[in-house]
>>> print(open('query.csv').read())   # CSV, C-alpha atoms
chain,number,residue,atom,x,y,z
A,15,MET,CA,-57.4,-25.0,-44.1
A,16,ASP,CA,-54.5,-22.6,-43.8
A,17,SER,CA,-54.1,-22.3,-40.0
A,18,LYS,CA,-51.2,-19.8,-40.2
A,19,ARG,CA,-53.2,-17.5,-42.4
A,20,ILE,CA,-56.3,-17.6,-40.1
A,21,ILE,CA,-54.2,-17.0,-37.0
A,22,ARG,CA,-52.4,-14.0,-38.5
A,23,GLN,CA,-55.7,-12.5,-39.8
A,24,ARG,CA,-57.3,-12.8,-36.4
A,25,LEU,CA,-54.3,-11.3,-34.6
A,26,GLU,CA,-54.2,-8.5,-37.1
A,27,GLY,CA,-57.9,-7.9,-36.7
A,28,HIS,CA,-57.5,-7.6,-32.9
A,29,GLN,CA,-54.5,-5.3,-33.4
A,30,THR,CA,-56.5,-3.1,-35.8
A,31,VAL,CA,-59.3,-2.6,-33.3
A,32,ILE,CA,-56.9,-1.8,-30.5
A,33,ALA,CA,-55.1,0.7,-32.8
A,34,ARG,CA,-58.3,2.4,-33.6
A,35,LEU,CA,-59.1,2.8,-29.9
A,36,LEU,CA,-55.5,4.0,-29.2
A,37,ASN,CA,-56.1,6.8,-31.8
A,38,ASP,CA,-59.6,7.7,-30.6
A,39,GLU,CA,-59.3,10.4,-27.9
A,40,THR,CA,-63.0,10.6,-27.5
A,41,ALA,CA,-63.2,6.9,-26.6
A,42,GLN,CA,-60.4,7.3,-24.2
A,43,GLN,CA,-62.1,10.3,-22.6
A,44,THR,CA,-65.3,8.3,-22.2
A,45,LEU,CA,-63.3,5.4,-20.7
A,46,ALA,CA,-61.9,7.8,-18.1
A,47,GLU,CA,-65.3,9.2,-17.4
A,48,ILE,CA,-66.8,5.8,-16.9
A,49,ALA,CA,-64.0,4.9,-14.4
A,50,ASN,CA,-64.6,8.1,-12.5
A,51,VAL,CA,-68.4,7.5,-12.4
A,52,LEU,CA,-67.9,3.9,-11.1
A,53,ALA,CA,-65.3,5.1,-8.5
A,54,ASP,CA,-67.8,7.7,-7.3
A,55,CYS,CA,-70.5,5.1,-7.1
A,56,PHE,CA,-68.4,2.8,-4.9
A,57,ARG,CA,-67.3,5.7,-2.7
A,58,ARG,CA,-71.0,6.5,-2.0
A,59,GLU,CA,-71.4,2.8,-1.0
A,60,ASN,CA,-73.7,2.1,-4.0
A,61,LYS,CA,-73.4,-1.0,-6.2
A,62,VAL,CA,-72.4,-1.7,-9.7
A,63,TYR,CA,-74.3,-4.3,-11.6
A,64,PHE,CA,-73.3,-6.0,-14.9
A,65,CYS,CA,-75.3,-7.8,-17.5
A,66,GLY,CA,-74.9,-9.4,-21.0
A,67,ASN,CA,-75.8,-12.4,-23.1
A,68,GLY,CA,-73.6,-15.4,-24.1
A,69,GLY,CA,-70.0,-14.4,-24.3
A,70,SER,CA,-70.9,-10.9,-23.1
A,71,ALA,CA,-72.5,-12.5,-20.0
A,72,ALA,CA,-69.2,-14.2,-19.3
A,73,ASP,CA,-67.4,-10.9,-19.8
A,74,ALA,CA,-69.9,-9.1,-17.5
A,75,GLN,CA,-69.3,-11.7,-14.8
A,76,HIS,CA,-65.6,-11.5,-15.3
A,77,LEU,CA,-65.6,-7.7,-14.7
A,78,ALA,CA,-67.9,-7.9,-11.7
A,79,ALA,CA,-65.5,-10.4,-10.2
A,80,GLU,CA,-62.5,-8.0,-10.7
A,81,PHE,CA,-64.3,-5.5,-8.5
A,82,SER,CA,-65.8,-7.8,-5.9
A,83,GLY,CA,-62.6,-9.8,-5.6
A,84,LYS,CA,-59.5,-7.7,-6.6
A,85,PHE,CA,-57.7,-6.5,-9.6
A,86,TYR,CA,-54.1,-5.4,-8.9
A,87,LEU,CA,-54.5,-4.3,-5.3
A,88,ASP,CA,-55.2,-6.2,-2.1
A,89,ARG,CA,-58.0,-4.0,-1.0
A,90,PRO,CA,-61.6,-4.1,0.4
A,91,VAL,CA,-64.4,-5.5,-1.7
A,92,LEU,CA,-66.1,-3.2,-4.1
A,93,PRO,CA,-69.8,-4.2,-4.3
A,94,ALA,CA,-70.3,-5.4,-7.9
A,95,GLU,CA,-72.2,-8.4,-9.3
A,96,ALA,CA,-73.5,-9.8,-12.5
A,97,LEU,CA,-77.3,-10.1,-12.7
A,98,HIS,CA,-77.3,-13.4,-14.6
A,99,CYS,CA,-75.6,-15.7,-12.0
A,100,ASN,CA,-78.7,-17.1,-10.5
A,101,THR,CA,-79.8,-19.7,-13.1
A,102,SER,CA,-82.9,-20.6,-11.2
A,103,TYR,CA,-84.1,-17.0,-11.4
A,104,LEU,CA,-83.2,-16.7,-15.1
A,105,THR,CA,-85.0,-19.9,-16.1
A,106,ALA,CA,-88.0,-19.2,-14.0
A,107,VAL,CA,-88.5,-15.6,-15.2
A,108,GLY,CA,-87.6,-16.5,-18.8
A,109,ASN,CA,-90.1,-19.4,-18.7
A,110,ASP,CA,-92.9,-17.7,-16.7
A,111,TYR,CA,-92.7,-14.2,-18.2
A,112,SER,CA,-90.1,-13.6,-20.9
A,113,PHE,CA,-86.4,-13.7,-21.5
A,114,ASP,CA,-86.7,-10.0,-22.5
A,115,ILE,CA,-87.4,-8.9,-18.9
A,116,ILE,CA,-84.9,-11.0,-17.0
A,117,TYR,CA,-82.6,-8.0,-16.3
A,118,SER,CA,-85.3,-5.3,-16.0
A,119,ARG,CA,-87.3,-7.3,-13.4
A,120,LEU,CA,-84.2,-8.0,-11.3
A,121,ILE,CA,-82.7,-4.5,-11.4
A,122,SER,CA,-86.2,-3.1,-10.5
A,123,GLY,CA,-85.9,-5.1,-7.3
A,124,VAL,CA,-82.3,-4.8,-6.3
A,125,GLY,CA,-81.2,-1.6,-7.9
A,126,LYS,CA,-81.3,1.7,-6.0
A,127,GLU,CA,-80.9,5.3,-7.1
A,128,GLY,CA,-77.2,6.0,-7.4
A,129,ASP,CA,-76.3,2.5,-8.5
A,130,ILE,CA,-74.9,1.7,-11.9
A,131,LEU,CA,-75.8,-0.9,-14.5
A,132,VAL,CA,-73.1,-1.8,-17.1
A,133,GLY,CA,-74.6,-3.6,-20.1
A,134,LEU,CA,-72.3,-5.4,-22.6
A,135,SER,CA,-73.8,-6.1,-26.0
A,136,THR,CA,-71.8,-6.4,-29.2
A,137,SER,CA,-74.8,-5.3,-31.3
A,138,GLY,CA,-76.1,-2.8,-28.8
A,139,ASN,CA,-79.6,-4.2,-29.5
A,140,SER,CA,-80.1,-6.9,-26.8
A,141,LYS,CA,-83.7,-6.6,-25.9
A,142,ASN,CA,-83.2,-7.7,-22.3
A,143,ILE,CA,-80.5,-5.1,-21.7
A,144,LEU,CA,-82.6,-2.4,-23.4
A,145,GLU,CA,-85.5,-3.2,-21.1
A,146,ALA,CA,-83.2,-3.1,-18.1
A,147,PHE,CA,-81.8,0.3,-19.2
A,148,ALA,CA,-85.3,1.7,-19.5
A,149,THR,CA,-86.0,0.5,-15.9
A,150,CYS,CA,-82.8,2.2,-14.8
A,151,ARG,CA,-84.0,5.5,-16.3
A,152,GLU,CA,-87.2,5.2,-14.1
A,153,LYS,CA,-85.2,4.4,-11.0
A,154,GLY,CA,-82.3,6.9,-11.2
A,155,ILE,CA,-79.7,4.2,-11.9
A,156,THR,CA,-76.9,5.3,-14.2
A,157,THR,CA,-76.3,3.2,-17.3
A,158,VAL,CA,-73.1,2.3,-19.0
A,159,ALA,CA,-73.1,0.6,-22.4
A,160,LEU,CA,-70.2,-1.3,-23.9
A,161,THR,CA,-71.1,-2.1,-27.5
A,162,GLY,CA,-69.9,-2.5,-31.0
A,163,GLN,CA,-69.3,0.1,-33.6
A,164,THR,CA,-72.8,1.8,-33.8
A,165,GLY,CA,-74.0,1.5,-30.3
A,166,GLY,CA,-77.2,0.1,-31.6
A,167,LYS,CA,-80.4,1.0,-29.7
A,168,MET,CA,-78.6,1.1,-26.4
A,169,ALA,CA,-77.0,4.4,-27.5
A,170,ALA,CA,-80.3,6.2,-26.9
A,171,LEU,CA,-80.7,4.7,-23.4
A,172,SER,CA,-77.2,4.9,-22.0
A,173,ASP,CA,-75.7,7.6,-19.9
A,174,TYR,CA,-72.2,6.6,-21.0
A,175,LEU,CA,-71.6,4.8,-24.3
A,176,LEU,CA,-68.3,3.2,-25.2
A,177,CYS,CA,-68.4,1.8,-28.8
A,178,VAL,CA,-65.7,-0.6,-30.0
A,179,PRO,CA,-64.9,0.4,-33.6
A,180,SER,CA,-65.7,-3.0,-35.1
A,181,THR,CA,-68.6,-5.1,-36.3
A,182,ASP,CA,-66.9,-8.4,-35.7
A,183,THR,CA,-68.3,-10.0,-32.5
A,184,PRO,CA,-65.1,-11.8,-31.3
A,185,ARG,CA,-63.0,-8.6,-31.8
A,186,ILE,CA,-65.6,-6.5,-30.0
A,187,GLN,CA,-65.6,-8.9,-27.0
A,188,GLU,CA,-61.8,-8.9,-26.9
A,189,ALA,CA,-61.8,-5.2,-26.7
A,190,HIS,CA,-64.6,-5.1,-24.1
A,191,ILE,CA,-62.3,-7.1,-21.7
A,192,THR,CA,-59.3,-4.9,-22.5
A,193,LEU,CA,-61.4,-1.8,-21.8
A,194,GLY,CA,-63.0,-3.4,-18.8
A,195,HIS,CA,-59.6,-4.2,-17.3
A,196,ILE,CA,-58.5,-0.6,-17.8
A,197,ILE,CA,-61.6,0.6,-16.0
A,198,CYS,CA,-60.9,-1.8,-13.1
A,199,GLU,CA,-57.4,-0.5,-12.8
A,200,LEU,CA,-58.4,3.2,-12.9
A,201,VAL,CA,-61.2,2.6,-10.3
A,202,GLU,CA,-58.8,0.8,-7.9
A,203,ALA,CA,-56.2,3.5,-8.3
A,204,THR,CA,-58.7,6.3,-7.9
A,205,ILE,CA,-60.2,4.9,-4.7
A,206,PHE,CA,-57.2,3.3,-3.0
A,207,THR,CA,-54.0,5.1,-4.1
A,208,CYS,CA,-55.1,8.7,-4.6
>>> encode(input="query.csv", output="structure tokens")
Amino acid sequence: MDSKRIIRQRLEGHQTVIARLLNDETAQQTLAEIANVLADCFRRENKVYFCGNGGSAADAQHLAAEFSGKFYLDRPVLPAEALHCNTSYLTAVGNDYSFDIIYSRLISGVGKEGDILVGLSTSGNSKNILEAFATCREKGITTVALTGQTGGKMAALSDYLLCVPSTDTPRIQEAHITLGHIICELVEATIFTC
């Protein structure tokens, strides 16, 4: 195995994805719109929920923590949480009903009109997130999708769609965290320094 070659290829792959986003004014405009929508949600004292699967679940939890904890600023809590943190709930509903409805069932109970659900899916085709987005449509909850290159099936169900220009799962997830951190910074600045 040529470790140096693999390391260089992966770093170059990451750099390529970021360069594409850097040159995509539409993606940057969408990023700014998402930050504004989240800031407005928090100002109204609504909540922002996050969901994902596998590595995207970890990323969703990470971003929720940046809002409920802090990012750059020492400031009040912004009410955000990841829907998958209660493993007893996940395993009970997954076992008794279906893994496909774990997020839709929970958002139907805790979500209110004016809230936001952010779904992270590298393919854009995660069935449990699609079901949750459909429930959000019924309840007046805004949906934000962070996906890979095509947006997948989530494109048709999301109010705001931010596609990372890649089909490589690790590169997409790396970009999701970069974009998520930018959103966190913009939201904090909008609410607490403007």
>>> residues_around(input="query.csv", residues="region 27-39 of chain A", least_positions_apart="6", cutoff="10 Å", atoms="only C-alpha atoms", output="MDAnalysis selection string")
chainID A and resid 21 45 177:180 182 184:186 188:189 192:193
>>> residues_near_point(input="query.csv", point="(-79.2, -13.1, -15.0)", cutoff="12 Å", atoms="only C-alpha atoms", output="NGL selection string")
:A and (63-68 or 70-72 or 74-75 or 95-108 or 113-121 or 133 or 142-143 or 146)
>>> atom_distance(input="query.csv", atom1="CA of Leu131 (chain A)", atom2="CA of Val62 (chain A)")
5.9 Å
>>> atom_distance(input="query.csv", atom1="CA of Ile130 (chain A)", atom2="CA of Glu199 (chain A)")
17.7 Å
>>> closest_residue(input="query.csv", among="A:Thr181, A:Ser82, A:Gln23, A:Thr204", to="Ser135 (chain A)", atoms="all atoms listed in the file")
A:Thr181
>>> closest_residue(input="query.csv", among="A:Ala169, A:Cys198, A:Ile191, A:Leu144", to="Gly83 (chain A)", atoms="all atoms listed in the file")
A:Cys198
>>> decode(input="query.csv", residues="region 58-104 of chain A", atoms="N, CA and C atoms", output="PDB file, in the first residue's frame")
ATOM      1  N   ARG A  58     -37.945  33.492  16.635  1.00  0.00           N
ATOM      2  CA  ARG A  58     -39.362  33.257  16.940  1.00  0.00           C
ATOM      3  C   ARG A  58     -39.550  32.306  18.115  1.00  0.00           C
ATOM      4  N   GLU A  59     -38.434  31.837  18.664  1.00  0.00           N
ATOM      5  CA  GLU A  59     -38.434  30.873  19.762  1.00  0.00           C
ATOM      6  C   GLU A  59     -38.968  29.510  19.338  1.00  0.00           C
ATOM      7  N   ASN A  60     -38.765  29.193  18.053  1.00  0.00           N
ATOM      8  CA  ASN A  60     -39.036  27.845  17.567  1.00  0.00           C
ATOM      9  C   ASN A  60     -37.753  27.028  17.691  1.00  0.00           C
ATOM     10  N   LYS A  61     -37.836  25.757  17.327  1.00  0.00           N
ATOM     11  CA  LYS A  61     -36.705  24.842  17.469  1.00  0.00           C
ATOM     12  C   LYS A  61     -36.214  24.346  16.109  1.00  0.00           C
ATOM     13  N   VAL A  62     -34.944  23.957  16.106  1.00  0.00           N
ATOM     14  CA  VAL A  62     -34.342  23.338  14.933  1.00  0.00           C
ATOM     15  C   VAL A  62     -33.950  21.913  15.314  1.00  0.00           C
ATOM     16  N   TYR A  63     -34.438  20.964  14.531  1.00  0.00           N
ATOM     17  CA  TYR A  63     -34.136  19.555  14.744  1.00  0.00           C
ATOM     18  C   TYR A  63     -33.218  19.074  13.627  1.00  0.00           C
ATOM     19  N   PHE A  64     -32.414  18.063  13.938  1.00  0.00           N
ATOM     20  CA  PHE A  64     -31.481  17.481  12.979  1.00  0.00           C
ATOM     21  C   PHE A  64     -31.663  15.972  12.941  1.00  0.00           C
ATOM     22  N   CYS A  65     -31.403  15.372  11.782  1.00  0.00           N
ATOM     23  CA  CYS A  65     -31.416  13.912  11.694  1.00  0.00           C
ATOM     24  C   CYS A  65     -30.497  13.439  10.579  1.00  0.00           C
ATOM     25  N   GLY A  66     -30.050  12.206  10.702  1.00  0.00           N
ATOM     26  CA  GLY A  66     -29.193  11.569   9.719  1.00  0.00           C
ATOM     27  C   GLY A  66     -28.999  10.121  10.104  1.00  0.00           C
ATOM     28  N   ASN A  67     -28.232   9.405   9.339  1.00  0.00           N
ATOM     29  CA  ASN A  67     -27.945   7.996   9.592  1.00  0.00           C
ATOM     30  C   ASN A  67     -26.437   7.760   9.535  1.00  0.00           C
ATOM     31  N   GLY A  68     -25.935   6.919  10.424  1.00  0.00           N
ATOM     32  CA  GLY A  68     -24.505   6.607  10.429  1.00  0.00           C
ATOM     33  C   GLY A  68     -23.659   7.845  10.680  1.00  0.00           C
ATOM     34  N   GLY A  69     -22.686   8.074   9.800  1.00  0.00           N
ATOM     35  CA  GLY A  69     -21.827   9.257   9.931  1.00  0.00           C
ATOM     36  C   GLY A  69     -22.619  10.545   9.852  1.00  0.00           C
ATOM     37  N   SER A  70     -23.688  10.544   9.071  1.00  0.00           N
ATOM     38  CA  SER A  70     -24.532  11.737   8.967  1.00  0.00           C
ATOM     39  C   SER A  70     -25.310  11.985  10.260  1.00  0.00           C
ATOM     40  N   ALA A  71     -25.607  10.920  11.014  1.00  0.00           N
ATOM     41  CA  ALA A  71     -26.229  11.092  12.333  1.00  0.00           C
ATOM     42  C   ALA A  71     -25.239  11.774  13.277  1.00  0.00           C
ATOM     43  N   ALA A  72     -23.981  11.347  13.208  1.00  0.00           N
ATOM     44  CA  ALA A  72     -22.953  11.984  14.037  1.00  0.00           C
ATOM     45  C   ALA A  72     -22.800  13.455  13.663  1.00  0.00           C
ATOM     46  N   ASP A  73     -22.819  13.741  12.369  1.00  0.00           N
ATOM     47  CA  ASP A  73     -22.717  15.131  11.913  1.00  0.00           C
ATOM     48  C   ASP A  73     -23.926  15.947  12.347  1.00  0.00           C
ATOM     49  N   ALA A  74     -25.110  15.346  12.280  1.00  0.00           N
ATOM     50  CA  ALA A  74     -26.332  16.025  12.709  1.00  0.00           C
ATOM     51  C   ALA A  74     -26.256  16.367  14.194  1.00  0.00           C
ATOM     52  N   GLN A  75     -25.797  15.417  14.984  1.00  0.00           N
ATOM     53  CA  GLN A  75     -25.663  15.637  16.424  1.00  0.00           C
ATOM     54  C   GLN A  75     -24.623  16.715  16.709  1.00  0.00           C
ATOM     55  N   HIS A  76     -23.533  16.688  15.978  1.00  0.00           N
ATOM     56  CA  HIS A  76     -22.471  17.688  16.110  1.00  0.00           C
ATOM     57  C   HIS A  76     -23.032  19.095  15.870  1.00  0.00           C
ATOM     58  N   LEU A  77     -23.770  19.269  14.781  1.00  0.00           N
ATOM     59  CA  LEU A  77     -24.299  20.598  14.457  1.00  0.00           C
ATOM     60  C   LEU A  77     -25.357  21.056  15.448  1.00  0.00           C
ATOM     61  N   ALA A  78     -26.195  20.140  15.909  1.00  0.00           N
ATOM     62  CA  ALA A  78     -27.187  20.500  16.935  1.00  0.00           C
ATOM     63  C   ALA A  78     -26.474  20.997  18.193  1.00  0.00           C
ATOM     64  N   ALA A  79     -25.376  20.351  18.542  1.00  0.00           N
ATOM     65  CA  ALA A  79     -24.621  20.753  19.735  1.00  0.00           C
ATOM     66  C   ALA A  79     -23.996  22.132  19.572  1.00  0.00           C
ATOM     67  N   GLU A  80     -23.604  22.488  18.356  1.00  0.00           N
ATOM     68  CA  GLU A  80     -23.026  23.820  18.133  1.00  0.00           C
ATOM     69  C   GLU A  80     -24.049  24.914  18.439  1.00  0.00           C
ATOM     70  N   PHE A  81     -25.328  24.641  18.165  1.00  0.00           N
ATOM     71  CA  PHE A  81     -26.381  25.618  18.466  1.00  0.00           C
ATOM     72  C   PHE A  81     -26.778  25.580  19.938  1.00  0.00           C
ATOM     73  N   SER A  82     -26.998  24.399  20.483  1.00  0.00           N
ATOM     74  CA  SER A  82     -27.480  24.319  21.864  1.00  0.00           C
ATOM     75  C   SER A  82     -26.377  24.616  22.868  1.00  0.00           C
ATOM     76  N   GLY A  83     -25.142  24.418  22.463  1.00  0.00           N
ATOM     77  CA  GLY A  83     -24.006  24.783  23.309  1.00  0.00           C
ATOM     78  C   GLY A  83     -23.542  26.185  22.955  1.00  0.00           C
ATOM     79  N   LYS A  84     -22.520  26.241  22.123  1.00  0.00           N
ATOM     80  CA  LYS A  84     -22.039  27.506  21.572  1.00  0.00           C
ATOM     81  C   LYS A  84     -21.141  27.193  20.404  1.00  0.00           C
ATOM     82  N   PHE A  85     -20.942  28.172  19.551  1.00  0.00           N
ATOM     83  CA  PHE A  85     -19.999  28.016  18.447  1.00  0.00           C
ATOM     84  C   PHE A  85     -18.819  28.928  18.754  1.00  0.00           C
ATOM     85  N   TYR A  86     -18.817  30.158  18.235  1.00  0.00           N
ATOM     86  CA  TYR A  86     -17.762  31.103  18.584  1.00  0.00           C
ATOM     87  C   TYR A  86     -18.112  31.942  19.803  1.00  0.00           C
ATOM     88  N   LEU A  87     -19.393  32.276  19.946  1.00  0.00           N
ATOM     89  CA  LEU A  87     -19.798  33.268  20.937  1.00  0.00           C
ATOM     90  C   LEU A  87     -20.302  32.638  22.232  1.00  0.00           C
ATOM     91  N   ASP A  88     -20.000  33.300  23.338  1.00  0.00           N
ATOM     92  CA  ASP A  88     -20.592  32.928  24.621  1.00  0.00           C
ATOM     93  C   ASP A  88     -21.956  33.598  24.660  1.00  0.00           C
ATOM     94  N   ARG A  89     -23.009  32.819  24.432  1.00  0.00           N
ATOM     95  CA  ARG A  89     -24.338  33.393  24.242  1.00  0.00           C
ATOM     96  C   ARG A  89     -25.400  32.425  24.773  1.00  0.00           C
ATOM     97  N   PRO A  90     -26.654  32.874  24.827  1.00  0.00           N
ATOM     98  CA  PRO A  90     -27.718  31.984  25.296  1.00  0.00           C
ATOM     99  C   PRO A  90     -27.887  30.764  24.379  1.00  0.00           C
ATOM    100  N   VAL A  91     -28.517  29.748  24.920  1.00  0.00           N
ATOM    101  CA  VAL A  91     -28.794  28.516  24.180  1.00  0.00           C
ATOM    102  C   VAL A  91     -29.723  28.803  23.003  1.00  0.00           C
ATOM    103  N   LEU A  92     -29.417  28.196  21.879  1.00  0.00           N
ATOM    104  CA  LEU A  92     -30.336  28.186  20.746  1.00  0.00           C
ATOM    105  C   LEU A  92     -30.930  26.775  20.711  1.00  0.00           C
ATOM    106  N   PRO A  93     -32.265  26.640  20.805  1.00  0.00           N
ATOM    107  CA  PRO A  93     -32.875  25.326  20.974  1.00  0.00           C
ATOM    108  C   PRO A  93     -32.786  24.452  19.731  1.00  0.00           C
ATOM    109  N   ALA A  94     -31.827  23.523  19.772  1.00  0.00           N
ATOM    110  CA  ALA A  94     -31.599  22.600  18.663  1.00  0.00           C
ATOM    111  C   ALA A  94     -31.289  21.234  19.249  1.00  0.00           C
ATOM    112  N   GLU A  95     -31.776  20.183  18.586  1.00  0.00           N
ATOM    113  CA  GLU A  95     -31.445  18.844  19.036  1.00  0.00           C
ATOM    114  C   GLU A  95     -31.498  17.858  17.882  1.00  0.00           C
ATOM    115  N   ALA A  96     -30.729  16.794  18.046  1.00  0.00           N
ATOM    116  CA  ALA A  96     -30.722  15.706  17.072  1.00  0.00           C
ATOM    117  C   ALA A  96     -31.772  14.682  17.487  1.00  0.00           C
ATOM    118  N   LEU A  97     -32.566  14.228  16.535  1.00  0.00           N
ATOM    119  CA  LEU A  97     -33.692  13.349  16.833  1.00  0.00           C
ATOM    120  C   LEU A  97     -33.292  11.922  17.179  1.00  0.00           C
ATOM    121  N   HIS A  98     -32.053  11.553  16.962  1.00  0.00           N
ATOM    122  CA  HIS A  98     -31.652  10.161  17.143  1.00  0.00           C
ATOM    123  C   HIS A  98     -30.911   9.880  18.445  1.00  0.00           C
ATOM    124  N   CYS A  99     -30.901  10.809  19.372  1.00  0.00           N
ATOM    125  CA  CYS A  99     -30.081  10.642  20.572  1.00  0.00           C
ATOM    126  C   CYS A  99     -30.687   9.713  21.617  1.00  0.00           C
ATOM    127  N   ASN A 100     -31.968   9.433  21.522  1.00  0.00           N
ATOM    128  CA  ASN A 100     -32.610   8.533  22.482  1.00  0.00           C
ATOM    129  C   ASN A 100     -32.613   7.119  21.888  1.00  0.00           C
ATOM    130  N   THR A 101     -31.612   6.331  22.260  1.00  0.00           N
ATOM    131  CA  THR A 101     -31.480   5.001  21.660  1.00  0.00           C
ATOM    132  C   THR A 101     -32.615   4.066  22.063  1.00  0.00           C
ATOM    133  N   SER A 102     -33.186   4.253  23.247  1.00  0.00           N
ATOM    134  CA  SER A 102     -34.336   3.419  23.636  1.00  0.00           C
ATOM    135  C   SER A 102     -35.510   3.669  22.702  1.00  0.00           C
ATOM    136  N   TYR A 103     -35.757   4.940  22.382  1.00  0.00           N
ATOM    137  CA  TYR A 103     -36.822   5.270  21.427  1.00  0.00           C
ATOM    138  C   TYR A 103     -36.519   4.654  20.059  1.00  0.00           C
ATOM    139  N   LEU A 104     -35.301   4.859  19.556  1.00  0.00           N
ATOM    140  CA  LEU A 104     -34.949   4.364  18.227  1.00  0.00           C
ATOM    141  C   LEU A 104     -35.123   2.857  18.113  1.00  0.00           C
TER     142      LEU A 104
END
